[in-house]
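K.L.:
Input run_25.txt, format and content: compact mmCIF, C-alpha atoms and all ligand atoms.
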# COMPACT_ATOMS: atom_id res chain seq x y z
CA MET A 1 64.54 -22.43 -16.72
CA LYS A 2 66.67 -21.47 -13.72
CA GLY A 3 66.52 -24.50 -11.48
CA ILE A 4 65.30 -28.03 -10.92
CA LEU A 5 64.54 -29.44 -7.48
CA ILE A 6 64.43 -33.22 -7.25
CA ILE A 7 63.25 -34.98 -4.11
CA LEU A 8 63.93 -38.69 -3.94
CA ASP A 9 61.41 -39.76 -1.32
CA GLY A 10 63.04 -41.74 1.50
CA ALA A 11 66.06 -42.70 -0.62
CA ALA A 12 68.48 -41.92 2.22
CA ASP A 13 69.30 -44.89 4.44
CA LEU A 14 71.80 -46.24 6.95
CA ALA A 15 74.70 -48.65 6.52
CA ASN A 16 73.22 -52.06 5.82
CA GLU A 17 74.89 -55.39 6.63
CA ARG A 18 73.38 -56.97 3.54
CA LEU A 19 75.21 -54.35 1.45
CA ASP A 20 78.63 -54.77 3.08
CA ASN A 21 77.73 -51.95 5.43
CA LYS A 22 77.01 -49.57 2.62
CA THR A 23 73.81 -47.62 2.16
CA PRO A 24 71.74 -48.21 -1.00
CA LEU A 25 72.89 -44.83 -2.36
CA GLU A 26 76.51 -45.88 -1.79
CA ALA A 27 76.02 -49.34 -3.25
CA ALA A 28 74.09 -48.24 -6.34
CA LYS A 29 75.90 -47.64 -9.64
CA THR A 30 74.90 -44.14 -10.68
CA PRO A 31 77.24 -42.80 -13.39
CA ASN A 32 74.95 -39.90 -14.30
CA LEU A 33 74.36 -38.78 -10.75
CA ASP A 34 78.11 -39.14 -10.07
CA PHE A 35 78.89 -36.94 -13.07
CA LEU A 36 76.61 -34.26 -11.66
CA ALA A 37 77.87 -34.72 -8.07
CA SER A 38 81.50 -34.28 -9.07
CA ARG A 39 80.59 -30.84 -10.43
CA SER A 40 78.37 -29.90 -7.48
CA GLU A 41 78.50 -28.96 -3.82
CA LEU A 42 77.30 -31.45 -1.23
CA GLY A 43 75.85 -31.10 2.23
CA TYR A 44 73.49 -32.80 4.64
CA MET A 45 70.19 -31.65 5.98
CA TYR A 46 67.67 -32.26 8.74
CA SER A 47 64.58 -31.75 6.64
CA VAL A 48 62.45 -30.50 9.54
CA ARG A 49 64.90 -30.18 12.47
CA PRO A 50 67.43 -32.44 14.23
CA GLY A 51 65.79 -35.23 16.20
CA PHE A 52 62.51 -34.96 14.31
CA ILE A 53 61.21 -37.97 12.35
CA PRO A 54 59.46 -36.40 9.37
CA GLU A 55 56.46 -37.58 7.46
CA SER A 56 56.70 -36.68 3.77
CA ASP A 57 54.22 -33.81 4.07
CA GLU A 58 56.08 -32.28 7.03
CA ALA A 59 59.37 -32.47 5.15
CA ILE A 60 58.18 -30.88 1.91
CA VAL A 61 56.23 -28.20 3.74
CA SER A 62 59.44 -27.36 5.58
CA ILE A 63 61.77 -27.57 2.55
CA PHE A 64 59.53 -25.04 0.79
CA GLY A 65 60.00 -22.66 3.70
CA ASN A 66 56.72 -23.11 5.56
CA ASP A 67 56.07 -23.61 9.26
CA LEU A 68 54.62 -26.98 10.16
CA ILE A 69 50.88 -27.08 10.48
CA SER A 70 49.00 -29.99 11.92
CA SER A 71 46.35 -30.25 9.26
CA THR A 72 48.41 -30.63 6.11
CA ARG A 73 48.21 -34.29 5.26
CA GLY A 74 44.51 -34.90 4.81
CA GLN A 75 43.79 -31.51 3.27
CA LEU A 76 46.68 -31.65 0.80
CA GLU A 77 45.91 -35.19 -0.32
CA ALA A 78 42.22 -34.42 -0.83
CA ARG A 79 43.17 -31.39 -2.90
CA GLY A 80 45.55 -33.61 -4.85
CA LEU A 81 42.56 -35.80 -5.70
CA GLY A 82 40.67 -32.79 -7.00
CA PHE A 83 38.44 -32.10 -3.99
CA LYS A 84 37.90 -28.59 -2.73
CA PRO A 85 36.74 -29.09 0.85
CA MET A 86 34.79 -26.24 2.48
CA ARG A 87 36.11 -24.65 5.66
CA GLY A 88 34.87 -26.87 8.52
CA ASP A 89 34.79 -30.08 6.48
CA LEU A 90 36.90 -32.61 8.32
CA VAL A 91 39.46 -34.14 5.95
CA LEU A 92 41.71 -37.08 6.80
CA ARG A 93 44.26 -39.22 5.04
CA ALA A 94 43.03 -42.83 5.10
CA ASN A 95 44.66 -46.23 4.50
CA PHE A 96 43.20 -49.66 4.01
CA ALA A 97 44.78 -51.87 6.66
CA THR A 98 44.43 -55.32 8.20
CA ILE A 99 43.48 -55.91 11.83
CA ASP A 100 42.66 -59.21 13.53
CA SER A 101 39.37 -57.96 14.94
CA LEU A 102 37.87 -54.73 16.17
CA GLU A 103 37.62 -56.16 19.70
CA SER A 104 41.32 -56.95 20.12
CA GLY A 105 42.43 -54.24 17.66
CA ASN A 106 45.80 -55.74 16.72
CA ILE A 107 47.22 -54.30 13.51
CA MET A 108 48.45 -57.12 11.26
CA ASP A 109 49.50 -54.82 8.41
CA ARG A 110 49.15 -51.06 8.01
CA ARG A 111 48.74 -51.31 4.23
CA ALA A 112 46.82 -54.59 3.81
CA GLY A 113 50.07 -56.12 2.56
CA ARG A 114 50.26 -53.42 -0.17
CA THR A 115 48.57 -55.98 -2.40
CA LEU A 116 45.13 -54.42 -2.71
CA SER A 117 44.49 -54.12 -6.43
CA THR A 118 42.91 -51.01 -7.87
CA SER A 119 39.76 -52.87 -8.87
CA GLU A 120 39.41 -54.38 -5.38
CA ALA A 121 39.88 -50.96 -3.80
CA GLU A 122 37.23 -49.50 -6.10
CA ILE A 123 34.69 -52.12 -5.06
CA LEU A 124 35.41 -51.61 -1.36
CA GLU A 125 35.19 -47.83 -1.82
CA LYS A 126 31.74 -48.20 -3.36
CA ALA A 127 30.56 -50.53 -0.60
CA ILE A 128 31.68 -48.09 2.10
CA ASN A 129 30.07 -45.07 0.46
CA LYS A 130 26.83 -46.96 -0.05
CA GLN A 131 26.45 -48.92 3.15
CA VAL A 132 27.90 -46.73 5.88
CA LYS A 133 25.21 -44.37 7.21
CA LEU A 134 26.19 -41.41 9.36
CA PRO A 135 24.47 -38.31 10.77
CA CYS A 136 26.46 -36.26 8.20
CA ASN A 137 27.49 -36.65 4.58
CA PHE A 138 30.89 -38.05 3.86
CA ILE A 139 33.07 -39.02 0.91
CA PHE A 140 35.50 -41.91 0.98
CA LYS A 141 37.73 -41.76 -2.10
CA ILE A 142 40.54 -44.15 -2.96
CA SER A 143 43.73 -42.83 -4.56
CA VAL A 144 46.83 -44.96 -5.21
CA GLY A 145 47.19 -48.47 -3.77
CA HIS A 146 45.99 -48.71 -0.18
CA ARG A 147 45.64 -44.94 0.09
CA ALA A 148 42.43 -42.94 0.29
CA SER A 149 40.95 -39.62 1.35
CA LEU A 150 38.10 -39.23 3.81
CA ILE A 151 35.97 -36.10 3.99
CA PHE A 152 33.14 -35.42 6.47
CA LYS A 153 30.93 -32.54 5.37
CA GLY A 154 29.94 -29.99 7.98
CA GLY A 155 31.33 -27.85 10.77
CA PHE A 156 33.85 -30.04 12.55
CA SER A 157 36.85 -29.67 14.81
CA ASP A 158 40.18 -31.09 13.71
CA ASN A 159 41.59 -31.12 17.21
CA ILE A 160 41.30 -34.90 17.33
CA SER A 161 43.78 -37.73 17.10
CA GLY A 162 43.99 -40.33 14.35
CA ASN A 163 43.44 -44.01 15.15
CA ASP A 164 46.91 -45.40 14.49
CA THR A 165 48.97 -44.78 17.60
CA SER A 166 52.22 -45.86 16.01
CA ILE A 167 52.20 -43.25 13.29
CA TYR A 168 54.75 -40.73 14.34
CA SER A 169 53.10 -37.42 14.60
CA GLN A 170 55.01 -34.15 14.78
CA GLY A 171 58.27 -36.04 14.80
CA ARG A 172 57.58 -38.37 17.70
CA THR A 173 57.30 -42.09 17.37
CA VAL A 174 54.82 -43.80 19.59
CA SER A 175 55.11 -47.45 18.87
CA SER A 176 52.23 -49.74 19.29
CA ASP A 177 50.66 -52.27 17.02
CA LYS A 178 47.19 -51.62 18.26
CA ILE A 179 44.55 -49.39 16.84
CA SER A 180 43.07 -46.77 19.10
CA ARG A 181 39.89 -44.76 18.93
CA CYS A 182 40.06 -41.19 17.67
CA LYS A 183 40.11 -38.91 20.70
CA PRO A 184 39.31 -35.25 21.17
CA LEU A 185 42.45 -33.28 22.02
CA ASP A 186 40.62 -30.52 23.91
CA ASP A 187 37.47 -30.08 26.01
CA GLU A 188 35.37 -28.55 23.23
CA GLU A 189 32.08 -30.25 22.60
CA ASN A 190 32.71 -30.12 18.86
CA SER A 191 35.99 -32.01 19.20
CA GLN A 192 34.21 -34.76 21.12
CA TYR A 193 31.48 -34.82 18.47
CA SER A 194 34.02 -34.90 15.62
CA ALA A 195 35.92 -37.81 17.19
CA ASN A 196 32.63 -39.64 17.71
CA VAL A 197 31.63 -39.25 14.07
CA VAL A 198 34.99 -40.55 12.85
CA ASN A 199 34.83 -43.50 15.27
CA GLU A 200 31.30 -44.29 14.15
CA PHE A 201 32.48 -44.27 10.54
CA LEU A 202 35.46 -46.52 11.31
CA GLU A 203 33.33 -49.07 13.14
CA LYS A 204 30.68 -49.15 10.43
CA ALA A 205 33.29 -49.37 7.69
CA TYR A 206 34.86 -52.32 9.51
CA ASN A 207 31.49 -54.06 9.58
CA VAL A 208 31.12 -53.50 5.83
CA LEU A 209 34.66 -54.65 5.08
CA LYS A 210 35.22 -57.63 7.35
CA ASN A 211 32.91 -60.06 5.53
CA HIS A 212 32.93 -58.38 2.15
CA PRO A 213 33.26 -60.92 -0.69
CA ILE A 214 36.45 -59.18 -1.86
CA ASN A 215 38.06 -59.80 1.51
CA LEU A 216 36.75 -63.36 1.84
CA GLU A 217 38.31 -64.03 -1.56
CA ARG A 218 41.59 -62.42 -0.47
CA ILE A 219 41.71 -64.61 2.64
CA ARG A 220 41.01 -67.68 0.49
CA LYS A 221 44.00 -66.71 -1.70
CA GLY A 222 46.22 -66.29 1.36
CA LEU A 223 46.24 -62.47 1.13
CA LEU A 224 45.58 -60.07 3.96
CA PRO A 225 42.02 -58.73 4.02
CA ALA A 226 41.60 -54.95 3.71
CA ASN A 227 39.22 -54.91 6.65
CA PHE A 228 39.98 -51.68 8.46
CA ILE A 229 40.65 -48.01 7.76
CA LEU A 230 43.47 -46.15 9.48
CA VAL A 231 43.15 -42.37 9.56
CA ARG A 232 45.58 -39.54 10.25
CA GLY A 233 46.31 -35.90 9.48
CA PRO A 234 42.88 -34.41 10.32
CA GLY A 235 42.32 -30.89 9.01
CA ILE A 236 39.39 -28.50 8.65
CA GLU A 237 41.11 -25.54 7.01
CA PRO A 238 42.87 -25.12 3.71
CA PRO A 239 46.59 -25.08 4.55
CA LYS A 240 48.27 -21.72 4.00
CA LEU A 241 51.51 -22.24 2.17
CA LYS A 242 54.10 -19.94 0.59
CA PHE A 243 53.37 -19.21 -3.02
CA TYR A 244 55.78 -20.34 -5.72
CA ARG A 245 55.03 -18.56 -8.96
CA LYS A 246 56.67 -19.60 -12.20
CA TRP A 247 57.20 -23.06 -10.78
CA VAL A 248 55.97 -26.19 -12.48
CA SER A 249 55.55 -29.46 -10.67
CA ALA A 250 55.82 -33.01 -11.91
CA ALA A 251 53.93 -34.72 -9.11
CA TYR A 252 51.89 -37.86 -9.30
CA MET A 253 50.95 -38.83 -5.77
CA PRO A 254 47.98 -37.04 -4.19
CA LEU A 255 50.06 -35.44 -1.44
CA GLU A 256 52.60 -33.89 -3.81
CA ILE A 257 49.91 -32.87 -6.32
CA GLY A 258 47.90 -31.19 -3.55
CA PHE A 259 51.00 -29.53 -2.12
CA SER A 260 52.05 -28.19 -5.52
CA LYS A 261 48.58 -26.83 -6.26
CA VAL A 262 48.22 -25.13 -2.87
CA SER A 263 51.72 -23.66 -3.37
CA GLY A 264 50.60 -22.03 -6.61
CA MET A 265 52.64 -24.16 -9.00
CA LYS A 266 51.49 -25.21 -12.41
CA THR A 267 50.90 -28.85 -11.66
CA TYR A 268 51.16 -31.65 -14.16
CA ASN A 269 50.19 -35.13 -13.15
CA PHE A 270 49.56 -38.52 -14.66
CA ASN A 271 47.40 -41.40 -13.60
CA TYR A 272 49.44 -43.90 -11.66
CA PRO A 273 49.44 -47.38 -13.24
CA GLU A 274 46.80 -49.59 -11.66
CA LEU A 275 47.90 -52.46 -9.46
CA LYS A 276 46.50 -55.38 -11.40
CA ASN A 277 47.95 -58.30 -9.48
CA ILE A 278 49.88 -58.84 -6.29
CA ASP A 279 53.28 -58.06 -7.82
CA VAL A 280 53.68 -54.76 -6.03
CA TYR A 281 57.23 -54.11 -7.21
CA ALA A 282 56.37 -54.68 -10.87
CA ASN A 283 53.74 -52.00 -10.41
CA LEU A 284 56.25 -49.69 -8.71
CA TYR A 285 58.75 -50.04 -11.57
CA GLU A 286 55.97 -49.33 -14.04
CA GLY A 287 55.11 -46.24 -12.00
CA LEU A 288 58.75 -45.21 -11.77
CA ARG A 289 59.28 -45.58 -15.51
CA LYS A 290 56.22 -43.44 -16.15
CA ALA A 291 57.33 -40.87 -13.56
CA CYS A 292 60.81 -40.48 -15.09
CA LYS A 293 59.51 -40.16 -18.64
CA PHE A 294 56.84 -37.76 -17.48
CA SER A 295 59.35 -35.57 -15.59
CA ASN A 296 61.64 -35.46 -18.64
CA TRP A 297 58.73 -34.45 -20.82
CA ILE A 298 57.68 -31.65 -18.46
CA LEU A 299 61.26 -30.40 -18.30
CA LYS A 300 61.47 -30.27 -22.08
CA LYS A 301 58.07 -28.65 -22.42
CA ASN A 302 58.79 -25.95 -19.84
CA LEU A 303 62.45 -25.28 -20.53
CA LYS A 304 61.69 -21.82 -21.92
CA LYS A 305 58.45 -21.22 -20.04
CA ALA A 306 58.96 -21.86 -16.33
CA ASP A 307 61.66 -20.71 -13.91
CA PHE A 308 61.71 -23.74 -11.64
CA LEU A 309 60.70 -27.39 -11.79
CA TYR A 310 59.86 -29.59 -8.80
CA ILE A 311 60.16 -33.32 -9.35
CA HIS A 312 59.14 -35.68 -6.55
CA ILE A 313 59.91 -39.36 -7.02
CA LYS A 314 57.88 -41.39 -4.56
CA GLU A 315 58.86 -45.01 -5.18
CA THR A 316 62.27 -44.92 -3.45
CA ASP A 317 60.56 -44.67 -0.05
CA ILE A 318 58.81 -48.01 -0.32
CA PRO A 319 61.68 -50.55 -0.25
CA GLY A 320 62.81 -48.87 2.98
CA HIS A 321 59.45 -49.62 4.59
CA ASP A 322 59.62 -53.17 3.25
CA ASN A 323 63.27 -53.77 4.25
CA LYS A 324 64.31 -54.44 0.66
CA PRO A 325 67.75 -52.81 0.21
CA PHE A 326 68.37 -54.48 -3.15
CA GLU A 327 65.12 -53.13 -4.55
CA LYS A 328 66.14 -49.70 -3.32
CA ILE A 329 69.45 -49.97 -5.16
CA GLN A 330 67.67 -51.07 -8.31
CA MET A 331 65.29 -48.13 -8.14
CA ILE A 332 68.13 -45.65 -7.62
CA GLU A 333 69.99 -47.13 -10.61
CA PHE A 334 66.81 -47.02 -12.66
CA ILE A 335 66.32 -43.32 -11.84
CA ASP A 336 69.94 -42.65 -12.72
CA LYS A 337 69.47 -44.18 -16.12
CA MET A 338 66.00 -42.82 -16.88
CA LEU A 339 65.99 -39.40 -15.23
CA PHE A 340 69.49 -38.17 -14.42
CA SER A 341 70.88 -39.01 -17.85
CA TYR A 342 68.33 -36.62 -19.33
CA ILE A 343 68.74 -33.99 -16.60
CA ASN A 344 72.49 -33.91 -17.33
CA LYS A 345 71.87 -33.51 -21.02
CA ILE A 346 69.70 -30.45 -20.38
CA VAL A 347 71.26 -28.65 -17.42
CA PHE A 348 74.89 -28.35 -18.56
CA PRO A 349 74.33 -26.51 -21.87
CA ASN A 350 71.50 -24.42 -20.38
CA HIS A 351 73.27 -23.51 -17.10
CA ILE A 352 70.38 -24.69 -14.99
CA LYS A 353 70.80 -25.14 -11.23
CA VAL A 354 70.00 -28.53 -9.76
CA LEU A 355 69.11 -29.28 -6.17
CA ILE A 356 68.72 -32.92 -5.19
CA THR A 357 67.75 -34.22 -1.77
CA CYS A 358 65.42 -36.57 0.10
CA ASP A 359 62.45 -35.65 2.26
CA HIS A 360 63.66 -38.02 5.01
CA SER A 361 65.67 -41.16 5.51
CA THR A 362 63.76 -44.48 5.39
CA PRO A 363 66.35 -47.00 6.61
CA CYS A 364 65.59 -50.54 5.44
CA LYS A 365 66.53 -51.95 8.80
CA ASN A 366 64.05 -49.65 10.58
CA LYS A 367 61.25 -50.28 8.07
CA ALA A 368 60.22 -46.72 8.89
CA HIS A 369 61.33 -43.13 8.52
CA SER A 370 64.13 -41.95 10.79
CA ALA A 371 65.47 -38.65 12.10
CA ASP A 372 68.81 -39.10 10.29
CA PRO A 373 69.93 -36.27 8.03
CA VAL A 374 69.59 -36.58 4.25
CA PRO A 375 72.20 -35.79 1.60
CA VAL A 376 71.93 -32.59 -0.44
CA LEU A 377 73.48 -31.98 -3.86
CA PHE A 378 73.60 -28.50 -5.34
CA TYR A 379 74.81 -27.81 -8.86
CA LYS A 380 75.01 -24.06 -9.26
CA GLY A 381 74.56 -23.99 -13.01
CA ASP A 382 78.27 -23.86 -13.68
CA TYR A 383 81.43 -25.49 -12.43
CA SER A 384 85.09 -24.65 -12.26
CA GLU A 385 86.49 -27.85 -10.86
CA ILE A 386 85.72 -31.54 -11.01
CA LYS A 387 86.18 -33.45 -7.78
CA GLU A 388 85.29 -37.06 -7.32
CA LYS A 389 82.31 -37.34 -4.94
CA ARG A 390 78.93 -38.96 -4.89
CA PHE A 391 75.41 -38.14 -3.77
CA ASN A 392 75.24 -40.32 -0.68
CA GLU A 393 75.09 -40.13 3.09
CA LYS A 394 78.86 -40.43 3.64
CA ASP A 395 80.14 -37.94 1.03
CA SER A 396 77.44 -35.44 1.95
CA LYS A 397 78.89 -35.19 5.48
CA LYS A 398 82.20 -33.95 4.03
CA GLY A 399 80.57 -31.53 1.60
CA GLU A 400 81.11 -27.80 1.10
CA LEU A 401 77.53 -26.95 2.05
CA GLY A 402 78.00 -28.47 5.48
CA ARG A 403 75.17 -29.08 7.88
CA ILE A 404 71.74 -27.64 7.17
CA GLU A 405 69.72 -27.45 10.39
CA THR A 406 66.29 -27.38 8.82
CA GLY A 407 64.66 -27.74 5.42
CA LYS A 408 63.56 -24.13 5.76
CA GLU A 409 67.19 -23.03 5.22
CA LEU A 410 67.82 -25.13 2.14
CA PHE A 411 66.92 -22.60 -0.54
CA GLN A 412 68.80 -19.72 1.15
CA LYS A 413 71.86 -21.79 1.96
CA THR A 414 72.23 -22.82 -1.66
CA ASN A 415 71.02 -19.62 -3.30
CA PHE A 416 68.80 -21.90 -5.32
CA LEU A 417 66.11 -19.27 -5.94
CA LYS A 418 68.48 -16.47 -6.95
ZN ZN B 1 58.51 -39.29 2.12
ZN ZN B 2 57.46 -43.47 3.91
Translate this file's structure into structure tokens.
Ligand code: ZN
Ligand code: ZN
P.N.:
Amino acid sequence: MKGILIILDGAADLANERLDNKTPLEAAKTPNLDFLASRSELGYMYSVRPGFIPESDEAIVSIFGNDLISSTRGQLEARGLGFKPMRGDLVLRANFATIDSLESGNIMDRRAGRTLSTSEAEILEKAINKQVKLPCNFIFKISVGHRASLIFKGGFSDNISGNDTSIYSQGRTVSSDKISRCKPLDDEENSQYSANVVNEFLEKAYNVLKNHPINLERIRKGLLPANFILVRGPGIEPPKLKFYRKWVSAAYMPLEIGFSKVSGMKTYNFNYPELKNIDVYANLYEGLRKACKFSNWILKKNLKKADFLYIHIKETDIPGHDNKPFEKIQMIEFIDKMLFSYINKIVFPNHIKVLITCDHSTPCKNKAHSADPVPVLFYKGDYSEIKEKRFNEKDSKKGELGRIETGKELFQKTNFLK
């Protein structure tokens, strides 16, 4: 193996008062990552471009040297779930969410409190597929947690908006806590028709969900009902991405699995642990443990077989959205112990390059992604000097690699692929 790329989703942050004005990466104790950092070059990167607030898909598409395309999210996630949509099928990323009512359209929670168990989601999925009747065929498929994929079969237009106006699209944040209707973004009849079909689905799904026994039970328990579907990332064409041969990918979320497959990597994945009760963080640590072990296993298995390994750790993004800086620290420390200890054991004797970064910053205090740059660590497979420095926002600004204007420059700037 020549190199390992590790993306810690949303691990970058901003100085936090609750951490004595440190960031979680600064506050975390990471002896293994520090060992690697002190033998590496550091830099900082705008994963898409300065001023742009990236979604995960936009960041990874860019880091792997591709131009941004509007239709990635839905298409990649559906492919990650094993679907092979036909050209013209309209594919969207979907989320269970909570609204007060369809009439007033106030969003109470974009992820139904993140507490929707796998078995609840399965029952709601079945109810939607069975009871919603449309003029076309469709598939609504749940993935992990509140996430799902939505596919409308036929010849559609994807030049339509999603229904969550606050989701930043193409790097802009439009904040609103109200749902909107999907709208055509051009004058084509098919775009109007496509938006109408999606809106019809959303309204009918709401009617199935709002009084569903699962949701009545959730309300009785004091939990948020999963009574609405938010959609984004519409796409009708398979995304065209650069091909990465001799790469293996340890991905376990639908987006990263789909991205790796479409990019031509040999993709390993595992089934994410089911959320069995409302302890979301217990489930995340279970997932993280599995992800680290799984990544180590793939590294070992492919050490002599593959040239490059892509590891994407998703969990670190979530405490940022939830404003939980201490959970973020704990996750970073956990990854240090479970993943980086093993990475160090392998890369030094085998002279393997290591590139570590984040897809975007998810500052706890913003509870959302931000346009701030992310730290980059590059170990070139060898070292001549040891200098005390750490993989964090502050040290990265003083690093030898300097400022990287866009994710598209990351591989060239570091000579990672050479
Ligand atoms: Zn992300
Ligand atoms: Zn996020």
K.L.:
Find the nearest atom pair between each residue of chain A and ligand ZN 1 (chain B) for residues within 10 Å, count all atoms listed in the file, give distances in Å to one decimal, sort rows by chain and ascending number, and present the table as a tab-separated table.
P.N.:
residue	atom	partner	partner_atom	distance
A:Ile7	CA	B:ZN1	ZN	8.9
A:Leu8	CA	B:ZN1	ZN	8.2
A:Asp9	CA	B:ZN1	ZN	4.5
A:Gly10	CA	B:ZN1	ZN	5.2
A:Ala11	CA	B:ZN1	ZN	8.7
A:Pro54	CA	B:ZN1	ZN	7.9
A:Glu55	CA	B:ZN1	ZN	6.0
A:Ser56	CA	B:ZN1	ZN	3.6
A:Asp57	CA	B:ZN1	ZN	7.2
A:Glu58	CA	B:ZN1	ZN	8.9
A:Ala59	CA	B:ZN1	ZN	7.5
A:Ile60	CA	B:ZN1	ZN	8.4
A:Leu255	CA	B:ZN1	ZN	9.9
A:Glu256	CA	B:ZN1	ZN	10.0
A:His312	CA	B:ZN1	ZN	9.4
A:Ile313	CA	B:ZN1	ZN	9.2
A:Lys314	CA	B:ZN1	ZN	7.0
A:Glu315	CA	B:ZN1	ZN	9.3
A:Thr316	CA	B:ZN1	ZN	8.8
A:Asp317	CA	B:ZN1	ZN	6.2
A:Ile318	CA	B:ZN1	ZN	9.1
A:Cys358	CA	B:ZN1	ZN	7.7
A:Asp359	CA	B:ZN1	ZN	5.4
A:His360	CA	B:ZN1	ZN	6.0
A:Ser361	CA	B:ZN1	ZN	8.1
A:Thr362	CA	B:ZN1	ZN	8.1
A:His369	CA	B:ZN1	ZN	8.0
K.L.:
Have a look at atom CA of A:Gly80 and atom CA of A:Glu237 and let me know their distance in Å, one decimal.
P.N.:
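Value for the atom CA of A:Gly80-atom CA of A:Glu237 distance: 15.0 Å.
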K.L.:
I'd like the contact shell of A:Phe83 - 10 Å cut-off, all atoms listed in the file, skipping same-chain residues fewer than 3 positions apart - returned as a list in words.
P.N.:
Gln75, Leu76, Glu77, Ala78, Arg79, Gly80, Met86, Lys141, Ser149, Ile151 and Gly258 of chain A
K.L.:
Pick from A:Asp322, A:Glu405, A:Glu286, A:Glu203: nearest to ligand ZN 2 (chain B), with only C-alpha atoms and all ligand atoms counted?
P.N.:
A:Asp322
K.L.:
Which residue, A:Gly145, A:Pro363, A:Gly320, A:Pro225, has the smallest gap to A:Ala97 when you use all atoms listed in the file?
P.N.:
A:Pro225
K.L.:
Do you know which residues are at most 9 Å from A:Phe201 counting all atoms listed in the file, after dropping those on the same chain fewer than 6 positions away, and could you put them as a PyMOL selection string?
P.N.:
chain A and resi 132-134
K.L.:
Report, in Å to a single decimal, how far apart atom CA of A:Gly407 and atom CA of A:Leu42 are.
P.N.:
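Calculated distance between atom CA of A:Leu42 and atom CA of A:Gly407 is 14.8 Å.
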K.L.:
What is the distance between atom CA of A:Thr414 and atom CA of A:Ser47, in Å to one decimal?
P.N.:
14.4 Å
K.L.:
I want to know what sits within 7 Å of stretch 115-122 of chain A, based on all atoms listed in the file, with residues of the same chain fewer than 6 positions away left out; could you give that as a PDB file with C-alpha atoms, keeping the file's coordinate frame?
P.N.:
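Saved the output as out01.pdb:
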ATOM      1  CA  ILE A 142      40.540 -44.150  -2.960  1.00  0.00           C
ATOM      2  CA  GLY A 145      47.190 -48.470  -3.770  1.00  0.00           C
ATOM      3  CA  HIS A 146      45.990 -48.710  -0.180  1.00  0.00           C
ATOM      4  CA  ILE A 214      36.450 -59.180  -1.860  1.00  0.00           C
ATOM      5  CA  GLU A 274      46.800 -49.590 -11.660  1.00  0.00           C
ATOM      6  CA  LEU A 275      47.900 -52.460  -9.460  1.00  0.00           C
ATOM      7  CA  LYS A 276      46.500 -55.380 -11.400  1.00  0.00           C
ATOM      8  CA  ASN A 277      47.950 -58.300  -9.480  1.00  0.00           C
ATOM      9  CA  ILE A 278      49.880 -58.840  -6.290  1.00  0.00           C
ATOM     10  CA  VAL A 280      53.680 -54.760  -6.030  1.00  0.00           C
TER      11      VAL A 280
END
K.L.:
I want to know what sits within 8 Å of A:Asn32, based on only C-alpha atoms, with residues of the same chain fewer than 4 positions away left out; could you give that as an MDAnalysis selection string?
P.N.:
chainID A and resid 36 336:337 340:341 344
K.L.:
Please produce a file of those selected residues containing C-alpha atoms, as a PDB file, keeping the file's coordinate frame.
P.N.:
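Saved file result-v6.pdb follows:
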ATOM      1  CA  LEU A  36      76.610 -34.260 -11.660  1.00  0.00           C
ATOM      2  CA  ASP A 336      69.940 -42.650 -12.720  1.00  0.00           C
ATOM      3  CA  LYS A 337      69.470 -44.180 -16.120  1.00  0.00           C
ATOM      4  CA  PHE A 340      69.490 -38.170 -14.420  1.00  0.00           C
ATOM      5  CA  SER A 341      70.880 -39.010 -17.850  1.00  0.00           C
ATOM      6  CA  ASN A 344      72.490 -33.910 -17.330  1.00  0.00           C
TER       7      ASN A 344
END
K.L.:
With distances taken over all atoms listed in the file, which residue among A:Asn366, A:Asn137, A:Ser263, A:Asn95 lies nearest A:Lys324?
P.N.:
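For A:Lys324, the nearest of the given residues is A:Asn366.
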